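*Asks:* Input file: run_18.tsv. Contents: TSV, C-alpha atoms.
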chain	number	residue	atom	x	y	z
A	1	MET	CA	89.44	157.50	99.43
A	2	LYS	CA	87.62	154.84	101.41
A	3	ARG	CA	89.20	151.49	101.91
A	4	ILE	CA	87.18	148.37	101.01
A	5	PRO	CA	87.11	145.75	103.79
A	6	GLU	CA	88.72	142.39	103.03
A	7	ASP	CA	85.54	140.38	103.57
A	8	ILE	CA	83.73	142.44	100.90
A	9	LYS	CA	86.62	141.88	98.48
A	10	ARG	CA	86.47	138.13	99.10
A	11	LEU	CA	82.71	138.15	98.65
A	12	ASP	CA	83.09	140.02	95.35
A	13	GLU	CA	85.66	137.45	94.16
A	14	GLN	CA	83.33	134.58	95.09
A	15	ILE	CA	80.44	136.21	93.21
A	16	LYS	CA	82.57	136.65	90.10
A	17	SER	CA	83.77	133.05	90.33
A	18	LEU	CA	80.21	131.73	90.62
A	19	GLN	CA	79.05	133.88	87.71
A	20	GLN	CA	81.82	132.43	85.53
A	21	LYS	CA	80.84	128.88	86.53
A	22	GLU	CA	77.21	129.63	85.72
A	23	GLN	CA	78.12	130.96	82.27
A	24	LEU	CA	80.19	127.85	81.56
A	25	SER	CA	77.38	125.53	82.62
A	26	ARG	CA	74.86	127.39	80.46
A	27	ARG	CA	77.13	127.16	77.43
A	28	SER	CA	77.76	123.46	77.83
A	29	GLY	CA	74.02	122.70	77.53
A	30	PRO	CA	72.41	119.36	78.32
A	31	LYS	CA	74.69	116.55	79.43
A	32	ASN	CA	73.57	113.87	76.96
A	33	GLU	CA	71.52	113.45	73.79
A	34	TYR	CA	68.42	112.18	75.60
A	35	THR	CA	68.31	115.29	77.78
A	36	ARG	CA	68.84	117.52	74.75
A	37	ALA	CA	66.07	115.78	72.78
A	38	ALA	CA	63.65	115.93	75.70
A	39	SER	CA	64.42	119.60	76.25
A	40	THR	CA	63.83	120.37	72.58
A	41	GLY	CA	60.58	118.40	72.52
A	42	PHE	CA	59.19	120.13	75.59
A	43	ARG	CA	60.18	123.53	74.23
A	44	ILE	CA	58.41	122.86	70.91
A	45	ALA	CA	55.28	121.55	72.63
A	46	ILE	CA	55.12	124.55	74.95
A	47	GLU	CA	55.58	127.00	72.07
A	48	LEU	CA	52.74	125.44	70.07
A	49	VAL	CA	50.32	125.05	72.96
A	50	SER	CA	50.97	128.50	74.41
A	51	GLY	CA	50.37	130.17	71.05
A	52	VAL	CA	46.99	128.50	70.67
A	53	VAL	CA	45.99	129.14	74.30
A	54	VAL	CA	46.92	132.81	74.21
A	55	GLY	CA	45.26	133.28	70.83
A	56	GLY	CA	42.13	131.51	72.02
A	57	SER	CA	42.00	133.59	75.18
A	58	VAL	CA	42.34	136.86	73.29
A	59	GLY	CA	39.69	135.74	70.80
A	60	TRP	CA	37.30	134.70	73.56
A	61	LEU	CA	37.74	138.01	75.38
A	62	LEU	CA	37.16	139.96	72.18
A	63	ASP	CA	34.05	137.89	71.45
A	64	LYS	CA	32.67	138.69	74.90
A	65	TRP	CA	33.48	142.38	74.50
A	66	LEU	CA	32.25	142.80	70.90
A	67	GLU	CA	29.47	140.18	71.15
A	68	THR	CA	30.60	138.34	68.00
A	69	THR	CA	30.44	134.88	69.49
A	70	PRO	CA	32.55	132.47	67.40
A	71	CYS	CA	34.25	134.81	64.92
A	72	MET	CA	37.13	136.30	66.92
A	73	LEU	CA	37.77	133.05	68.75
A	74	ALA	CA	38.29	131.17	65.48
A	75	VAL	CA	40.45	133.91	63.98
A	76	PHE	CA	42.70	134.26	67.02
A	77	ILE	CA	43.09	130.49	67.50
A	78	LEU	CA	44.41	130.35	63.94
A	79	LEU	CA	46.66	133.36	64.55
A	80	GLY	CA	47.92	131.79	67.79
A	81	GLY	CA	48.68	128.55	65.97
A	82	CYS	CA	50.58	130.46	63.29
A	83	ALA	CA	52.53	132.33	65.98
A	84	GLY	CA	53.38	129.01	67.65
A	85	PHE	CA	54.65	127.55	64.38
A	86	LEU	CA	56.67	130.69	63.73
A	87	ASN	CA	58.28	130.41	67.17
A	88	VAL	CA	59.12	126.75	66.54
A	89	TYR	CA	60.63	127.65	63.17
A	90	ARG	CA	62.77	130.36	64.77
A	91	TYR	CA	63.91	127.96	67.47
A	92	ALA	CA	64.80	125.30	64.90
A	93	ARG	CA	66.84	127.80	62.87
A	94	GLN	CA	68.66	128.92	66.02
A	95	GLU	CA	69.45	125.32	66.98
A	96	GLN	CA	70.68	124.59	63.47
A	97	LYS	CA	73.06	127.56	63.60
A	98	THR	CA	74.45	126.54	66.98
A	99	GLN	CA	75.13	122.98	65.78
A	100	GLU	CA	77.04	124.19	62.70
Write out the structure in this file as structure tokens.
*Replies:*
Amino acid sequence: MKRIPEDIKRLDEQIKSLQQKEQLSRRSGPKNEYTRAASTGFRIAIELVSGVVVGGSVGWLLDKWLETTPCMLAVFILLGGCAGFLNVYRYARQEQKTQE
């Protein structure tokens, strides 16, 4: 059986220690209420905007491909908006569960 060098053992211990610290810092979340509110606001804005942008892009590409100029764009912008609202709803439910 091969023997593991001491420096590799120490390195492994340091990695495990840093992973534990990272997990603790991720669990603790934002440091104050302002940071938490700003983080939540940015997350909600990004979810809504990205849904509409992705939906609009898919609709535009389908319109170019199928030559149905405004139809697919309008449909997929609405679907993207609905997807964004659904993501925000899921996030709000998750946050509510973590606060309880």
*Asks:* Hey, can you check how far atom CA of Gly81 of chain A sits from atom CA of Val52 of chain A?
*Replies:* 5.0 Å
*Asks:* Would you work out the distance separating atom CA of Gln14 of chain A from atom CA of Asn32 of chain A, expressed in Å to one decimal?
*Replies:*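 Computed distance, atom CA of Gln14 of chain A to atom CA of Asn32 of chain A, equals 29.2 Å.
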*Asks:* Let me make sure I understand: among A:Leu11, A:Val75, A:Lys16, A:Gly41, which one has the smallest atom-to-atom distance to Ser57 of chain A if we use all atoms listed in the file?
*Replies:*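 Among the listed residues, the smallest separation from Ser57 of chain A belongs to A:Val75.
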*Asks:* Go ahead and compute the interatomic distance for atom CA of Gly80 of chain A and atom CA of Ile46 of chain A, in Å to one decimal.
*Replies:* 12.5 Å
*Asks:* Restricting the calculation to all atoms listed in the file: of A:Ala37, A:Leu18, A:Val88, A:Ile4, which residue gets closest to Ser50 of chain A?
*Replies:*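 So, comparing all the options, the nearest one is A:Val88.
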*Asks:* Would you pick out the contacts of Leu78 of chain A at 10 Å or less, using only C-alpha atoms, so that residues sharing its chain but fewer than 3 positions from it are not included, and give the list as an MDAnalysis selection string?
*Replies:* chainID A and resid 51:52 55:56 59 72:75 81:84
*Asks:* Take the residues from that selection and put them in a file with C-alpha atoms, as a PDB file, keeping the file's coordinate frame.
*Replies:*
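Once written, selection25.pdb looks like this:
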ATOM      1  CA  GLY A  51      50.370 130.170  71.050  1.00  0.00           C
ATOM      2  CA  VAL A  52      46.990 128.500  70.670  1.00  0.00           C
ATOM      3  CA  GLY A  55      45.260 133.280  70.830  1.00  0.00           C
ATOM      4  CA  GLY A  56      42.130 131.510  72.020  1.00  0.00           C
ATOM      5  CA  GLY A  59      39.690 135.740  70.800  1.00  0.00           C
ATOM      6  CA  MET A  72      37.130 136.300  66.920  1.00  0.00           C
ATOM      7  CA  LEU A  73      37.770 133.050  68.750  1.00  0.00           C
ATOM      8  CA  ALA A  74      38.290 131.170  65.480  1.00  0.00           C
ATOM      9  CA  VAL A  75      40.450 133.910  63.980  1.00  0.00           C
ATOM     10  CA  GLY A  81      48.680 128.550  65.970  1.00  0.00           C
ATOM     11  CA  CYS A  82      50.580 130.460  63.290  1.00  0.00           C
ATOM     12  CA  ALA A  83      52.530 132.330  65.980  1.00  0.00           C
ATOM     13  CA  GLY A  84      53.380 129.010  67.650  1.00  0.00           C
TER      14      GLY A  84
END
*Asks:* Which residue is closest to Ala92 of chain A? Choose from A:Gln20, A:Ile77, A:Leu61, A:Glu47 and count only C-alpha atoms.
*Replies:*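 Using only C-alpha atoms, the shortest distance to Ala92 of chain A belongs to A:Glu47.
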*Asks:* Rank A:Leu24, A:Ile44, A:Ile8, A:Ala38 by their smallest atom-to-atom distance to Arg90 of chain A, using all atoms listed in the file, and report the top residue only.
*Replies:*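 Among A:Leu24, A:Ile44, A:Ile8, A:Ala38, it is A:Ile44 that comes nearest to Arg90 of chain A.
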*Asks:* Write out as AutoDock Vina command-line options an axis-aligned box for segment 2-11 of chain A: all of its atoms listed in the file, 3 Å added on each side, centre and edge lengths in Å with one decimal.
*Replies:*
--center_x 86.0 --center_y 146.5 --center_z 101.1 --size_x 12.5 --size_y 22.7 --size_z 11.3
*Asks:* Which of these, A:Thr69, A:Gln96, A:Phe76, A:Tyr34, has the shortest distance to Val53 of chain A once you count all atoms listed in the file?
*Replies:* A:Phe76
